[in-house]
>>> print(open('start-v2.cif').read())   # mmCIF, C-alpha atoms
data_work
#
loop_
_atom_site.label_atom_id
_atom_site.label_comp_id
_atom_site.auth_asym_id
_atom_site.auth_seq_id
_atom_site.Cartn_x
_atom_site.Cartn_y
_atom_site.Cartn_z
CA PRO Z 1 17.44 -14.97 -2.33
CA SER Z 2 16.10 -13.80 1.02
CA GLY Z 3 17.34 -12.27 4.25
CA LEU Z 4 16.18 -10.92 7.57
CA LEU Z 5 14.61 -7.48 7.55
CA TYR Z 6 14.80 -5.57 10.83
CA VAL Z 7 11.66 -3.46 11.11
CA PRO Z 8 10.82 -0.71 13.66
CA THR Z 9 7.59 -2.16 15.00
CA ILE Z 10 5.86 -5.30 16.30
CA GLY Z 11 2.20 -6.36 16.08
CA GLY Z 12 1.09 -3.23 14.18
CA GLY Z 13 2.35 0.11 12.90
CA THR Z 14 2.62 -0.79 9.23
CA ALA Z 15 3.04 2.86 8.26
CA ASN Z 16 6.34 3.17 10.12
CA THR Z 17 7.95 0.21 8.37
CA GLU Z 18 6.51 1.59 5.14
CA PHE Z 19 8.09 4.97 5.89
CA GLU Z 20 11.54 3.41 6.28
CA ILE Z 21 11.20 1.25 3.16
CA ILE Z 22 10.05 4.08 0.90
CA THR Z 23 12.27 6.90 2.18
CA GLY Z 24 15.47 5.18 3.33
CA LEU Z 25 15.22 7.17 6.58
CA ASN Z 26 15.65 5.74 10.09
CA LEU Z 27 12.64 5.98 12.39
CA ASP Z 28 14.93 5.88 15.45
CA PHE Z 29 15.65 9.58 14.92
CA PHE Z 30 12.03 10.57 15.51
CA GLY Z 31 10.23 11.01 18.83
CA ALA Z 32 9.14 7.95 20.79
CA GLY Z 33 5.94 6.56 19.36
CA GLU Z 34 5.83 9.06 16.50
CA TYR Z 35 4.24 8.22 13.15
CA PRO Z 36 5.77 10.52 10.49
CA TYR Z 37 2.69 9.88 8.33
CA ASN Z 38 0.63 11.64 11.02
CA THR Z 39 3.08 14.50 11.59
CA ILE Z 40 5.80 15.90 9.34
CA LEU Z 41 4.81 14.10 6.13
CA GLN Z 42 1.33 15.62 6.18
CA ASN Z 43 2.78 18.82 4.74
CA THR Z 44 6.42 18.10 3.83
CA THR Z 45 7.96 16.22 0.93
CA CYS Z 46 11.14 14.18 1.23
CA GLU Z 47 13.36 11.94 -0.84
CA SER Z 48 11.91 8.53 -1.60
CA VAL Z 49 12.43 5.55 -3.87
CA CYS Z 50 9.62 7.03 -6.01
CA TYR Z 51 11.53 10.26 -6.67
CA ASN Z 52 14.76 8.30 -7.16
CA LEU Z 53 13.21 6.13 -9.87
CA LYS Z 54 11.56 9.10 -11.61
CA GLU Z 55 15.10 10.07 -12.66
CA TYR Z 56 15.12 6.85 -14.72
CA GLY Z 57 11.67 7.39 -16.27
CA TYR Z 58 9.56 5.41 -13.84
CA GLU Z 59 5.98 6.10 -12.76
CA ALA Z 60 5.08 5.32 -9.14
CA THR Z 61 1.85 3.64 -8.03
CA ALA Z 62 0.81 2.87 -4.46
CA MET Z 63 -1.79 0.17 -3.81
CA HIS Z 64 -3.60 -0.93 -0.65
CA ASN Z 65 -6.69 -3.09 -0.22
CA ASN Z 66 -7.79 -0.94 2.70
CA SER Z 67 -9.23 2.53 3.10
CA ALA Z 68 -7.46 5.41 1.33
CA SER Z 69 -7.39 7.52 4.49
CA PHE Z 70 -5.87 4.83 6.75
CA TYR Z 71 -2.71 6.41 8.23
CA GLY Z 72 -3.54 9.43 6.06
CA ARG Z 73 -2.04 7.76 3.00
CA ASN Z 74 -4.19 9.75 0.56
CA MET Z 75 -2.57 12.92 1.96
CA VAL Z 76 0.96 11.57 2.49
CA TYR Z 77 1.59 9.64 -0.73
CA PRO Z 78 1.77 12.78 -2.95
CA ASN Z 79 4.52 14.04 -0.62
CA LEU Z 80 6.43 10.81 -1.25
CA GLY Z 81 6.26 11.13 -5.01
CA PHE Z 82 3.50 8.68 -5.91
CA ASP Z 83 1.73 9.48 -9.17
CA ARG Z 84 -1.21 7.17 -8.52
CA PHE Z 85 -2.88 5.52 -5.52
CA VAL Z 86 -5.27 2.56 -5.82
CA PRO Z 87 -6.98 2.05 -2.43
CA LEU Z 88 -9.85 -0.29 -1.56
CA GLU Z 89 -12.47 2.26 -2.66
CA TYR Z 90 -11.32 1.87 -6.30
CA MET Z 91 -11.03 -1.94 -6.43
CA GLU Z 92 -13.66 -4.11 -8.11
CA GLY Z 93 -14.78 -7.55 -6.98
CA VAL Z 94 -13.40 -7.37 -3.43
CA LYS Z 95 -14.11 -10.26 -1.04
CA TYR Z 96 -13.64 -10.11 2.72
CA THR Z 97 -12.35 -12.26 5.58
CA PRO Z 98 -14.56 -13.00 8.63
CA LEU Z 99 -12.68 -10.19 10.41
CA GLY Z 100 -13.68 -7.73 7.68
CA TRP Z 101 -10.28 -7.36 6.00
CA ALA Z 102 -10.20 -7.40 2.20
CA LYS Z 103 -8.79 -10.60 0.76
CA ASP Z 104 -5.51 -10.22 -1.12
CA ALA Z 105 -6.70 -12.07 -4.25
CA VAL Z 106 -7.96 -8.76 -5.65
CA LEU Z 107 -4.41 -7.39 -5.75
CA THR Z 108 -3.09 -9.60 -8.55
CA GLU Z 109 -5.37 -8.09 -11.19
CA GLU Z 110 -4.92 -4.60 -9.75
CA ILE Z 111 -1.12 -4.84 -9.98
CA LEU Z 112 -1.26 -6.12 -13.57
CA THR Z 113 -3.68 -3.32 -14.47
CA ALA Z 114 -1.32 -0.76 -12.96
CA LEU Z 115 1.57 -2.16 -15.03
CA GLU Z 116 -0.44 -2.26 -18.24
CA THR Z 117 -2.05 1.20 -18.05
CA THR Z 118 1.18 3.21 -18.22
CA GLU Z 119 3.68 3.59 -21.04
CA ALA Z 120 6.56 4.14 -18.61
CA ARG Z 121 8.39 1.63 -16.46
CA ASP Z 122 6.62 1.16 -13.15
CA LEU Z 123 7.24 1.09 -9.44
CA VAL Z 124 4.26 -0.46 -7.66
CA TYR Z 125 4.26 -0.38 -3.87
CA CYS Z 126 1.52 -2.71 -2.61
CA VAL Z 127 0.30 -3.21 0.98
CA ALA Z 128 -1.71 -6.40 1.55
CA VAL Z 129 -3.99 -6.92 4.57
CA GLU Z 130 -5.61 -10.36 4.50
CA THR Z 131 -3.50 -11.78 7.33
CA HIS Z 132 -4.01 -8.77 9.60
CA GLY Z 133 -5.27 -9.20 13.17
CA LYS Z 134 -6.73 -8.87 15.67
CA TYR Z 135 -7.05 -12.67 15.68
CA ALA Z 136 -10.11 -14.28 17.26
CA GLU Z 137 -9.75 -15.81 20.73
CA THR Z 138 -11.58 -18.94 19.59
CA TYR Z 139 -10.74 -21.22 16.69
CA GLU Z 140 -13.19 -23.18 14.58
CA GLU Z 141 -11.45 -25.84 12.52
CA ARG Z 142 -12.34 -26.06 8.83
CA GLU Z 143 -11.54 -28.79 6.33
CA GLY Z 144 -8.08 -28.32 4.88
CA ASP Z 145 -6.82 -26.08 7.71
CA ILE Z 146 -3.17 -26.13 8.71
CA GLU Z 147 -2.85 -28.15 11.92
CA VAL Z 148 -0.73 -26.73 14.74
CA LEU Z 149 1.12 -29.67 16.35
CA SER Z 150 3.05 -27.78 19.01
CA LEU Z 151 3.51 -24.23 20.20
CA PRO Z 152 5.39 -22.47 23.01
CA GLU Z 153 3.09 -22.03 26.00
CA SER Z 154 3.53 -18.27 25.94
CA ILE Z 155 1.77 -17.98 22.58
CA PRO Z 156 -2.05 -18.14 22.67
CA LEU Z 157 -3.14 -21.19 20.69
CA ALA Z 158 -6.44 -20.08 19.12
CA PRO Z 159 -5.22 -16.69 17.84
CA PHE Z 160 -2.12 -18.40 16.41
CA GLN Z 161 -4.29 -21.00 14.65
CA ASN Z 162 -6.39 -18.21 13.14
CA PHE Z 163 -3.26 -16.35 12.03
CA ILE Z 164 -1.54 -19.36 10.48
CA ASN Z 165 -4.69 -20.28 8.55
CA ALA Z 166 -4.98 -16.77 7.12
CA LEU Z 167 -1.58 -17.11 5.43
CA PRO Z 168 -2.67 -19.34 2.50
CA GLY Z 169 -4.74 -16.47 1.05
CA THR Z 170 -1.69 -14.22 0.83
CA ASP Z 171 0.48 -17.11 -0.38
CA ASP Z 172 -2.03 -17.75 -3.19
CA PHE Z 173 -2.00 -14.06 -4.17
CA LEU Z 174 1.81 -14.12 -4.46
CA ARG Z 175 1.72 -17.42 -6.38
CA LYS Z 176 -0.77 -16.08 -8.93
CA LEU Z 177 1.10 -12.78 -9.18
CA THR Z 178 4.48 -14.37 -9.90
CA LEU Z 179 2.94 -16.84 -12.36
CA ALA Z 180 1.38 -13.91 -14.23
CA LEU Z 181 4.62 -11.95 -14.16
CA LEU Z 182 6.53 -14.90 -15.62
CA ARG Z 183 4.51 -14.22 -18.79
CA PHE Z 184 4.73 -10.44 -18.54
CA ASP Z 185 6.71 -8.86 -21.38
CA GLU Z 186 8.78 -6.50 -19.23
CA PRO Z 187 11.67 -7.39 -16.90
CA THR Z 188 10.10 -7.31 -13.45
CA ILE Z 189 11.31 -7.64 -9.87
CA VAL Z 190 9.12 -8.47 -6.89
CA VAL Z 191 10.40 -7.65 -3.41
CA ALA Z 192 8.09 -9.19 -0.82
CA PHE Z 193 8.55 -8.47 2.88
CA GLY Z 194 6.75 -8.64 6.19
CA ASP Z 195 6.14 -5.21 7.69
CA HIS Z 196 5.98 -6.60 11.24
CA LEU Z 197 5.41 -9.85 13.11
CA PRO Z 198 1.84 -10.53 14.28
CA ALA Z 199 0.44 -9.52 17.66
CA LEU Z 200 0.69 -12.96 19.25
CA GLU Z 201 2.55 -12.24 22.51
CA LEU Z 202 5.88 -13.09 20.88
CA ASP Z 203 9.21 -12.53 22.61
CA ASN Z 204 12.83 -12.92 21.57
CA GLU Z 205 13.22 -16.29 23.31
CA VAL Z 206 10.59 -18.13 21.23
CA LEU Z 207 11.86 -16.90 17.85
CA SER Z 208 14.62 -18.59 15.84
CA THR Z 209 15.88 -15.14 14.82
CA GLY Z 210 16.22 -14.06 18.45
CA SER Z 211 14.45 -10.75 17.73
CA ILE Z 212 10.80 -9.69 17.64
CA TYR Z 213 11.84 -7.02 15.12
CA ALA Z 214 13.29 -9.49 12.61
CA SER Z 215 10.97 -10.06 9.70
CA ARG Z 216 12.04 -11.42 6.31
CA TYR Z 217 12.25 -10.27 2.70
CA VAL Z 218 12.68 -12.10 -0.59
CA ILE Z 219 13.70 -10.90 -4.07
CA TRP Z 220 12.07 -12.57 -7.10
CA ASN Z 221 12.45 -11.70 -10.78
CA ASN Z 222 11.22 -12.93 -14.16
CA PHE Z 223 14.43 -12.50 -16.17
CA GLY Z 224 16.97 -14.70 -14.40
CA GLY Z 225 18.82 -11.89 -12.62
CA ASP Z 226 21.13 -12.65 -9.72
CA PHE Z 227 20.51 -10.64 -6.56
CA GLU Z 228 22.03 -10.61 -3.10
CA ALA Z 229 19.80 -10.48 -0.01
CA PRO Z 230 21.86 -9.88 3.15
CA ASP Z 231 20.21 -9.17 6.50
CA LEU Z 232 19.22 -5.49 6.46
CA GLN Z 233 17.58 -2.72 8.41
CA ALA Z 234 14.31 -1.82 6.67
CA TYR Z 235 15.51 1.69 5.81
CA ARG Z 236 18.42 0.25 3.78
CA LEU Z 237 16.37 -2.08 1.57
CA ASN Z 238 15.43 0.21 -1.32
CA ALA Z 239 18.98 1.58 -1.68
CA HIS Z 240 20.36 -1.98 -1.58
CA LEU Z 241 18.13 -3.05 -4.46
CA LEU Z 242 18.74 0.10 -6.51
CA LYS Z 243 22.50 -0.35 -6.16
CA GLN Z 244 22.29 -3.87 -7.58
CA LEU Z 245 20.41 -2.43 -10.56
CA GLY Z 246 23.04 0.25 -11.11
CA PHE Z 247 20.72 3.06 -9.97
CA SER Z 248 21.72 5.69 -7.44
CA GLY Z 249 19.19 8.45 -6.88
CA GLY Z 250 19.27 11.21 -4.28
CA VAL Z 251 21.47 12.05 -1.34
CA VAL Z 252 19.81 9.60 1.06
CA ALA Z 253 20.10 6.71 -1.38
CA LYS Z 254 23.74 7.56 -2.10
CA LEU Z 255 24.56 7.63 1.62
CA ASN Z 256 22.81 4.30 2.23
CA GLN Z 257 24.66 2.79 -0.74
CA SER Z 258 28.05 4.08 0.41
CA VAL Z 259 28.31 1.68 3.36
CA ASP Z 260 27.80 -2.09 3.32
CA ALA Z 261 25.35 -3.54 5.82
CA GLU Z 262 28.03 -5.03 8.07
CA GLU Z 263 29.94 -1.71 8.11
CA ALA Z 264 26.99 0.57 8.92
CA GLY Z 265 28.33 1.90 12.24
CA GLU Z 266 28.03 5.07 14.32
CA GLU Z 267 29.69 7.40 11.80
CA TYR Z 268 27.22 6.38 9.10
CA LEU Z 269 24.24 6.70 11.48
CA ASP Z 270 25.37 10.17 12.56
CA LYS Z 271 25.47 11.28 8.94
CA LEU Z 272 22.05 9.78 8.26
CA GLU Z 273 20.56 11.56 11.29
CA LEU Z 274 22.01 14.92 10.21
CA LEU Z 275 20.75 14.44 6.67
CA GLU Z 276 17.31 13.39 7.90
CA TYR Z 277 16.97 16.46 10.12
CA ASP Z 278 18.28 18.79 7.42
CA MET Z 279 15.76 17.52 4.86
CA LEU Z 280 12.66 17.38 7.07
CA TYR Z 281 13.21 20.16 9.63
CA GLY Z 282 16.32 22.12 8.66
CA ASP Z 283 17.48 24.46 5.90
CA ARG Z 284 18.08 21.66 3.36
CA GLU Z 285 21.73 22.61 3.05
CA ALA Z 286 22.49 19.19 1.57
CA PHE Z 287 20.50 20.25 -1.49
CA GLU Z 288 22.31 23.59 -1.91
CA GLY Z 289 19.10 25.60 -1.96
CA GLU Z 290 17.39 23.62 -4.75
CA PHE Z 291 15.11 21.02 -3.17
CA PRO Z 292 14.02 18.77 -6.05
CA TYR Z 293 11.06 16.93 -4.48
CA GLN Z 294 7.72 18.56 -5.27
CA ARG Z 295 4.33 17.20 -4.22
CA THR Z 296 2.77 15.20 -7.05
CA ASP Z 297 -0.68 15.67 -8.53
CA MET Z 298 -1.66 12.14 -7.56
CA ARG Z 299 -4.67 10.47 -9.16
CA LEU Z 300 -6.80 7.86 -7.43
CA GLY Z 301 -7.47 4.52 -9.11
CA SER Z 302 -5.99 2.91 -12.22
CA ARG Z 303 -9.21 3.19 -14.22
CA ASP Z 304 -11.46 6.17 -14.84
CA ILE Z 305 -14.91 5.89 -13.25
CA VAL Z 306 -17.36 7.20 -15.84
CA VAL Z 307 -21.12 7.55 -16.21
CA THR Z 308 -22.51 6.62 -19.64
CA ASP Z 309 -26.29 6.59 -19.08
CA ALA Z 310 -29.03 7.16 -16.52
CA GLN Z 311 -32.65 6.08 -16.45
CA ARG Z 312 -35.16 7.58 -14.02
CA GLU Z 313 -38.28 5.46 -13.67
CA TYR Z 314 -40.89 5.64 -10.92
CA HIS Z 315 -38.91 5.78 -7.65
CA ARG Z 316 -35.59 4.59 -9.04
CA LEU Z 317 -32.57 6.17 -10.71
CA LEU Z 318 -30.50 3.52 -12.49
CA VAL Z 319 -27.00 4.67 -13.44
CA THR Z 320 -24.91 2.86 -16.04
CA GLY Z 321 -21.17 3.35 -16.37
CA GLU Z 322 -17.75 1.78 -15.94
CA HIS Z 323 -15.64 0.69 -12.99
CA PHE Z 324 -18.13 1.37 -10.20
CA THR Z 325 -17.31 -0.19 -6.83
CA GLU Z 326 -19.18 -0.75 -3.59
CA PHE Z 327 -17.96 2.71 -2.53
CA SER Z 328 -19.54 4.50 -5.52
CA LYS Z 329 -22.33 6.82 -4.40
CA ILE Z 330 -24.79 8.92 -6.40
CA VAL Z 331 -24.57 12.61 -5.46
CA VAL Z 332 -27.31 15.14 -6.33
CA ASP Z 333 -27.82 18.84 -5.65
CA GLU Z 334 -24.08 19.48 -5.61
CA GLY Z 335 -23.55 17.49 -2.44
CA THR Z 336 -26.42 15.28 -1.26
CA VAL Z 337 -25.09 11.72 -1.06
CA MET Z 338 -27.88 9.27 -1.83
CA ASP Z 339 -28.28 5.80 -0.38
CA THR Z 340 -26.82 3.86 -3.29
CA LEU Z 341 -27.24 0.23 -4.25
CA TYR Z 342 -24.16 -1.32 -5.85
CA ILE Z 343 -25.39 -3.81 -8.48
CA ASP Z 344 -22.17 -4.50 -10.37
CA SER Z 345 -19.21 -2.61 -11.84
CA GLU Z 346 -21.47 -1.13 -14.54
CA HIS Z 347 -24.66 -0.39 -12.59
CA ILE Z 348 -25.65 1.44 -9.41
CA ALA Z 349 -29.07 2.70 -8.34
CA THR Z 350 -30.84 4.86 -5.80
CA ARG Z 351 -34.40 5.52 -4.68
CA VAL Z 352 -35.87 8.83 -5.76
CA ASP Z 353 -38.80 10.15 -3.76
CA ASP Z 354 -41.84 11.77 -5.34
CA GLY Z 355 -41.25 15.42 -5.97
CA ALA Z 356 -37.47 15.19 -5.92
CA GLU Z 357 -36.25 17.65 -8.51
CA PHE Z 358 -32.78 17.50 -9.98
CA THR Z 359 -31.52 17.46 -13.55
CA ALA Z 360 -27.95 16.28 -13.00
CA PHE Z 361 -25.92 14.09 -10.68
CA SER Z 362 -22.38 12.85 -10.14
CA VAL Z 363 -20.87 9.61 -8.85
CA ALA Z 364 -18.45 10.02 -5.97
CA GLN Z 365 -16.13 7.55 -4.28
CA ILE Z 366 -16.87 7.80 -0.56
CA GLY Z 367 -14.30 6.32 1.83
CA LYS Z 368 -14.95 4.23 4.91
CA ASP Z 369 -14.61 7.37 7.02
CA GLY Z 370 -17.34 9.12 5.03
CA GLY Z 371 -14.95 11.45 3.25
CA GLU Z 372 -15.22 12.07 -0.48
CA LEU Z 373 -12.17 10.94 -2.44
CA SER Z 374 -13.16 11.88 -6.00
CA ARG Z 375 -16.17 12.68 -8.13
CA THR Z 376 -17.12 12.29 -11.79
CA ALA Z 377 -18.21 15.21 -13.90
CA ALA Z 378 -21.90 16.08 -13.63
CA PHE Z 379 -24.18 13.97 -15.83
CA GLU Z 380 -27.34 15.58 -17.23
CA ILE Z 381 -30.58 13.60 -17.07
CA ASP Z 382 -32.74 13.82 -20.18
#
>>> encode(input="start-v2.cif", output="structure tokens")
Amino acid sequence: PSGLLYVPTIGGGTANTEFEIITGLNLDFFGAGEYPYNTILQNTTCESVCYNLKEYGYEATAMHNNSASFYGRNMVYPNLGFDRFVPLEYMEGVKYTPLGWAKDAVLTEEILTALETTEARDLVYCVAVETHGKYAETYEEREGDIEVLSLPESIPLAPFQNFINALPGTDDFLRKLTLALLRFDEPTIVVAFGDHLPALELDNEVLSTGSIYASRYVIWNNFGGDFEAPDLQAYRLNAHLLKQLGFSGGVVAKLNQSVDAEEAGEEYLDKLELLEYDMLYGDREAFEGEFPYQRTDMRLGSRDIVVTDAQREYHRLLVTGEHFTEFSKIVVDEGTVMDTLYIDSEHIATRVDDGAEFTAFSVAQIGKDGGELSRTAAFEID
């Protein structure tokens, strides 16, 4: 089953659709152009589907094959109740598109690893990026490409061709994921949705939906369950799914579940706005003085990055370990980040100049922005 999903943004702004999906809150009640991830959620917790599912014994993992600090996710996700975050810096075997975006193929194994490394039931929220723009202004046809036979004149042809031929990578990721989950030994639901339409000069007139804010979602499962997928605002999606599973959750979820999509009028929106303000900016009267949502002690990555050996020979320090990535860097003297060669997931190396004196080092994950995300314990060199 699938339906239209009305999202708050077009051409970009993934974090705002993400905010509505995860929290059940309506972005319309914020200031024009505001990104809650960059403002209130930097230092404030709020109800989310993660906290709602914790009441039923679930563990929440976020996953994104892009930088951990993009939209401040590494700071915001603990305020949304995520227990674990697996960003690009902790993924092994990543391949990239010509535009520099990570290909989505890496996500299948990462999702399965996340499911298999916890004893609890799991919520995995995954953001894929392979089809992201900006799309090149020229198009070079390759064998097997999808051919565009016709297109409204208002849409630029070459960028559209580049966009449409990026889709098979994401399609293949979803195909391999659902095939793997068919064999998975836990009942599993996949909800796939588009966070926004691409930046391709679209307007309402050229779209069959009649709206540039109408994306689509689909519900898939591996146990033969029957689900309904009416057209929805993005902020109503998680409550809609939880209701079909017999789950309720917090006050936001209960409010969103109390009104059917076609009956969600002004009275309901007024209540949602009051509740939203009370929780994020007010006295939290709806919670009667006991606000249940505490910032989580979120870990990064599904696997521990460990150092098992180190060999210093001539001008080279060769480090052996587990689960290194291209973002793993050797750190000496409590903070000097060395130029590090990534060899494979078990080996990294750095040049050591004559006279360099140190007896221990660590391996840190350094983000695209140069910030340190985590560090192993110090390893003593014999």
>>> closest_atom_pairs(input="start-v2.cif", of="segment 272-353 of chain Z", to="segment 56-60 of chain Z", cutoff="12 Å", atoms="all atoms listed in the file", output="CSV")
residue,atom,partner,partner_atom,distance
Z:Thr296,CA,Z:Ala60,CA,10.4
Z:Asp297,CA,Z:Ala60,CA,11.9
Z:Met298,CA,Z:Ala60,CA,9.7
Z:Arg299,CA,Z:Ala60,CA,11.0
Z:Ser302,CA,Z:Ala60,CA,11.7
>>> atom_distance(input="start-v2.cif", atom1="atom CA of Phe82 of chain Z", atom2="atom CA of Thr61 of chain Z")
5.7 Å
>>> resolve_selection(input="start-v2.cif", expression="the PyMOL selection byres ((chain Z and resi 55) around 12)", output="list in words")
Ser48, Val49, Cys50, Tyr51, Asn52, Leu53, Lys54, Tyr56, Gly57, Tyr58, Glu59, Ala60, Gly81, Ala120, Arg121, Phe247, Ser248, Gly249, Gly250, Pro292 and Tyr293 of chain Z
>>> residues_around(input="start-v2.cif", residues="Lys103 of chain Z", least_positions_apart="2", cutoff="10 Å", atoms="all atoms listed in the file", output="list in words")
Asn65, Asn66, Val94, Lys95, Tyr96, Thr97, Gly100, Trp101, Ala105, Val106, Leu107, Ala128, Val129, Glu130, Thr131, Ala166, Gly169, Thr170 and Phe173 of chain Z
>>> atom_distance(input="start-v2.cif", atom1="atom CA of Glu228 of chain Z", atom2="atom CA of Ser2 of chain Z")
7.9 Å
>>> resolve_selection(input="start-v2.cif", expression="the PyMOL selection byres ((chain Z and resi 222) around 10)", output="PyMOL selection string")
chain Z and resi 178-190+220-221+223-225
>>> closest_atom_pairs(input="start-v2.cif", of="segment 21-45 of chain Z", to="segment 260-270 of chain Z", cutoff="12 Å", atoms="all atoms listed in the file", output="tab-separated table")
residue	atom	partner	partner_atom	distance
Z:Leu25	CA	Z:Leu269	CA	10.3
Z:Asn26	CA	Z:Leu269	CA	8.8
Z:Leu27	CA	Z:Leu269	CA	11.7
Z:Asp28	CA	Z:Leu269	CA	10.2
Z:Phe29	CA	Z:Leu269	CA	9.7
>>> closest_residue(input="start-v2.cif", among="Z:His347, Z:Arg375, Z:Arg142, Z:Arg216", to="Pro1 of chain Z", atoms="all atoms listed in the file")
Z:Arg216
>>> closest_residue(input="start-v2.cif", among="Z:Ile21, Z:Val259, Z:Ile330, Z:Ile381", to="Val7 of chain Z", atoms="all atoms listed in the file")
Z:Ile21
>>> resolve_selection(input="start-v2.cif", expression="the PyMOL selection byres ((chain Z and resi 363-374) around 10)", output="PyMOL selection string")
chain Z and resi 66-70+74+87-90+299-301+305-307+319+321+324-332+335+337-338+340+348+361-362+375-379
>>> closest_residue(input="start-v2.cif", among="Z:Asp278, Z:Glu109, Z:Asp122, Z:Asp172", to="Glu47 of chain Z", atoms="all atoms listed in the file")
Z:Asp278
>>> residues_near_point(input="start-v2.cif", point="(-5.7, -10.9, 17.2)", cutoff="9 Å", atoms="all atoms listed in the file", output="ChimeraX atom specification")
/Z:132-137,159-160,162-163,198-200
>>> atom_distance(input="start-v2.cif", atom1="atom CA of His196 of chain Z", atom2="atom CA of Tyr217 of chain Z")
11.2 Å
>>> axis_aligned_box(input="start-v2.cif", around="segment 173-177 of chain Z", padding_each_side="3 Å", output="AutoDock Vina command-line options")
--center_x -0.1 --center_y -15.1 --center_z -6.7 --size_x 9.8 --size_y 10.6 --size_z 11.0
>>> residues_around(input="start-v2.cif", residues="Lys271 of chain Z", least_positions_apart="5", cutoff="10 Å", atoms="all atoms listed in the file", output="ChimeraX atom specification")
/Z:252,255,266,276
>>> residues_near_point(input="start-v2.cif", point="(9.8, 18.1, -2.1)", cutoff="8 Å", atoms="all atoms listed in the file", output="MDAnalysis selection string")
chainID Z and resid 44:47 79 291:295
>>> decode(input="start-v2.cif", residues="segment 168-200 of chain Z", atoms="C-alpha atoms", output="PDB file, in the first residue's frame")
ATOM      1  CA  PRO Z 168      18.368   2.803 -10.065  1.00  0.00           C
ATOM      2  CA  GLY Z 169      21.053   2.861  -7.341  1.00  0.00           C
ATOM      3  CA  THR Z 170      18.487   3.613  -4.651  1.00  0.00           C
ATOM      4  CA  ASP Z 171      16.003   1.168  -6.210  1.00  0.00           C
ATOM      5  CA  ASP Z 172      18.664  -1.566  -6.052  1.00  0.00           C
ATOM      6  CA  PHE Z 173      19.384  -0.770  -2.388  1.00  0.00           C
ATOM      7  CA  LEU Z 174      15.678  -1.148  -1.532  1.00  0.00           C
ATOM      8  CA  ARG Z 175      15.413  -4.349  -3.596  1.00  0.00           C
ATOM      9  CA  LYS Z 176      18.371  -5.957  -1.812  1.00  0.00           C
ATOM     10  CA  LEU Z 177      17.137  -4.737   1.573  1.00  0.00           C
ATOM     11  CA  THR Z 178      13.639  -6.172   1.184  1.00  0.00           C
ATOM     12  CA  LEU Z 179      15.002  -9.450  -0.215  1.00  0.00           C
ATOM     13  CA  ALA Z 180      17.247  -9.760   2.846  1.00  0.00           C
ATOM     14  CA  LEU Z 181      14.405  -8.884   5.205  1.00  0.00           C
ATOM     15  CA  LEU Z 182      12.188 -11.559   3.653  1.00  0.00           C
ATOM     16  CA  ARG Z 183      14.641 -14.031   5.214  1.00  0.00           C
ATOM     17  CA  PHE Z 184      15.050 -12.105   8.464  1.00  0.00           C
ATOM     18  CA  ASP Z 185      13.710 -13.977  11.494  1.00  0.00           C
ATOM     19  CA  GLU Z 186      11.849 -11.038  13.050  1.00  0.00           C
ATOM     20  CA  PRO Z 187       8.604  -9.430  11.838  1.00  0.00           C
ATOM     21  CA  THR Z 188       9.768  -6.281  10.073  1.00  0.00           C
ATOM     22  CA  ILE Z 189       8.117  -3.267   8.469  1.00  0.00           C
ATOM     23  CA  VAL Z 190       9.782  -0.935   5.985  1.00  0.00           C
ATOM     24  CA  VAL Z 191       8.269   2.509   5.438  1.00  0.00           C
ATOM     25  CA  ALA Z 192       9.976   4.183   2.481  1.00  0.00           C
ATOM     26  CA  PHE Z 193       9.228   7.796   1.580  1.00  0.00           C
ATOM     27  CA  GLY Z 194      10.586  10.711  -0.383  1.00  0.00           C
ATOM     28  CA  ASP Z 195      11.605  13.614   1.833  1.00  0.00           C
ATOM     29  CA  HIS Z 196      11.117  16.157  -0.973  1.00  0.00           C
ATOM     30  CA  LEU Z 197      10.904  16.365  -4.750  1.00  0.00           C
ATOM     31  CA  PRO Z 198      14.146  17.187  -6.588  1.00  0.00           C
ATOM     32  CA  ALA Z 199      15.309  20.691  -7.474  1.00  0.00           C
ATOM     33  CA  LEU Z 200      14.293  20.552 -11.132  1.00  0.00           C
TER      34      LEU Z 200
END
